[in-house]
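S.K.: Dropping the structure in here first, questions after.
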Amino acid sequence: MSLPENPLSTPVPEPASAAQAPMAGAAAVAMPGWVARGHWLAVGAALLVAICVASLALVWTTHQRLRVLEQELVRRQQTSQDQSTEARLLARQAHDAAADASAKLALIEGRVAESALQRTQVEELIQSLSRSRDENVLADVEAALRVAQQQSAITGSPEPLVAVLRQADERLARYNQPRLERVRRAVAKDLDRVRAVSVADVPSLSIKLDEAVRLVDDLPMLAVPDRRMAAKEAAAAPARAASAAASSAADWLGRAQSIWQRVSADIWAEARSLVRVTRIDRPEAMLLAPEQAYFLRENLKLRLLNARLALLSRQFDQAQSDLAVAQSALERYFDRSSRRVTATAELLRQVASQARQVGLPRPDETLAALAAAAAGR
């Protein structure tokens, strides 16, 4: 596209001839409008070119900026990935280090606990070595008293407490310290209180129960006659008749009288073996079959053995119950006029009266005196 020439720079035409004057005037009149339109077209074209150049420059600049931004983003993404990898590696290393630190800490805590225990033991050892003789005596007496108290509670016998209190009194008397006189007085009071307690003598009661069990087989029952007593009386009758015959054997009348007495004694013994008169307060005792007598005796033995086991295990209530059942069986089914039944009943009565639960006294005064003496050091 060619631009119109600048009218100012166009050479001025020479004046034309007279013939051409009217045509030149007309051209001169039409010339300024065309020139103006060309001028504006040139300005518009220039502006358009300037806008295109500016647009191209802006596009190029934008493209350069986008390229720079893209490179920056790529660089930052690569940096972030490197940092993430490094952070993951550092985290794994930190986890491993934390695990190692935890293991070392647990090992150190164990060693610290062991050291604390050893320190405590050493302190106790030093304290025990630094105690005086009196403190050792007080500690030994207190420990012996507590052990004896436990043994007495287990066995139900005051003998362990009596033995320990007696030994403590003798030991304190050997030291002869004024500060221990209060402890000696408390030991004497507790010793008197423990000695005054009457507890059940379990060994002797067990021996009595064993004797009663042994006598059960020989006890006469109401429902079963005692054959041995009848045999003894039958044997005693001929003896009496023989003695009477010896005194009157001088004449024939004495011989006849002795024969009559011997015959009458045999008849009386036989009659007594067939008929027996006995007072029965409880009729059910006579309803007992002879073959059931064996089981009755065995049940009585079992009751007595259960009472013996209850005494050995310090279950006095159970022992009292078994003894009451045994005494009731003796009174109901056995002949109370027999000496053996009476002796067995007396044994059971003695055992029942002595088999009582008695609370053992505690050596509280001695323990309090020991604590006061130990606190006053």
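Every chain in the structure tokens has a letter given in the order shown (A, B, ...), and although residue numbers restart at 1 in each chain, ligands are simply numbered from 1 in the order shown.
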Residues within 12 Å of A:Ala143, please, as a ChimeraX atom specification. Count only C-alpha atoms; anything in the same chain fewer than 4 positions from it doesn't count.
M.R.: /A:136-139,147-150,164-165,168,366-367,370-371
S.K.: If we count only C-alpha atoms and set the cut-off at 9 Å, which residues sit around stretch 304-314 of chain A, ignoring sequence neighbours fewer than 6 positions away in its own chain? Please answer as a list of chain:residue names.
M.R.: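 So the residues in contact are A:Thr155, A:Gly156, A:Val202, A:Pro203, A:Leu205, A:Ser206, A:Leu209, A:Asp210, A:Ala212, A:Val213, A:Gln320, A:Ser321, A:Asp322, A:Leu323, A:Ala326, A:Leu348, A:Ala355, A:Gln357.
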S.K.: How about saving the chosen residues, N, CA and C atoms kept, as a short mmCIF file (atom, residue, chain, number, x, y, z; two decimals), in the first residue's frame?
M.R.:
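The resulting file, again_37.cif, is shown below:
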data_model
loop_
_atom_site.label_atom_id
_atom_site.label_comp_id
_atom_site.auth_asym_id
_atom_site.auth_seq_id
_atom_site.Cartn_x
_atom_site.Cartn_y
_atom_site.Cartn_z
N THR A 155 -2.64 -72.51 115.12
CA THR A 155 -2.77 -73.74 115.90
C THR A 155 -3.84 -73.66 116.97
N GLY A 156 -4.25 -72.46 117.38
CA GLY A 156 -5.22 -72.32 118.46
C GLY A 156 -4.66 -72.60 119.82
N VAL A 202 -6.34 -80.34 122.68
CA VAL A 202 -6.78 -81.18 121.58
C VAL A 202 -6.18 -82.58 121.63
N PRO A 203 -4.89 -82.76 121.94
CA PRO A 203 -4.36 -84.14 122.00
C PRO A 203 -5.07 -85.03 123.02
N LEU A 205 -8.10 -84.62 124.26
CA LEU A 205 -9.47 -84.86 123.80
C LEU A 205 -9.50 -85.91 122.69
N SER A 206 -8.51 -85.88 121.81
CA SER A 206 -8.45 -86.90 120.76
C SER A 206 -8.24 -88.29 121.34
N LEU A 209 -11.54 -89.49 122.69
CA LEU A 209 -12.44 -89.92 121.62
C LEU A 209 -12.01 -91.28 121.05
N ASP A 210 -10.71 -91.49 120.96
CA ASP A 210 -10.24 -92.81 120.51
C ASP A 210 -10.65 -93.91 121.49
N ALA A 212 -13.30 -93.80 123.42
CA ALA A 212 -14.75 -94.00 123.26
C ALA A 212 -15.06 -94.83 122.02
N VAL A 213 -14.30 -94.61 120.92
CA VAL A 213 -14.49 -95.42 119.71
C VAL A 213 -14.16 -96.88 119.99
N GLN A 320 -18.97 -80.21 118.38
CA GLN A 320 -20.07 -80.21 119.33
C GLN A 320 -21.33 -80.86 118.74
N SER A 321 -21.60 -80.61 117.45
CA SER A 321 -22.76 -81.22 116.81
C SER A 321 -22.63 -82.75 116.74
N ASP A 322 -21.44 -83.24 116.35
CA ASP A 322 -21.25 -84.69 116.27
C ASP A 322 -21.31 -85.33 117.66
N LEU A 323 -20.76 -84.67 118.65
CA LEU A 323 -20.81 -85.22 120.01
C LEU A 323 -22.25 -85.26 120.54
N ALA A 326 -23.88 -88.25 119.02
CA ALA A 326 -23.37 -89.49 119.63
C ALA A 326 -23.97 -89.70 121.03
N LEU A 348 -17.62 -88.71 126.61
CA LEU A 348 -18.19 -87.77 125.62
C LEU A 348 -18.59 -86.46 126.27
N ALA A 355 -14.29 -78.94 124.63
CA ALA A 355 -14.10 -78.54 123.23
C ALA A 355 -14.82 -77.22 122.97
N GLN A 357 -14.36 -73.01 121.74
CA GLN A 357 -13.51 -72.03 121.06
C GLN A 357 -13.22 -70.87 122.02
#
S.K.: A:Arg182, A:Asp190, A:Lys208, A:Ser353: which is nearest A:Ala163, counting only C-alpha atoms?
M.R.: A:Asp190
S.K.: What is the atom CA of A:Leu222-atom CA of A:Ser338 distance in Å, reported with one decimal?
M.R.: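 Pair atom CA of A:Leu222 / atom CA of A:Ser338 returns 10.5 Å.
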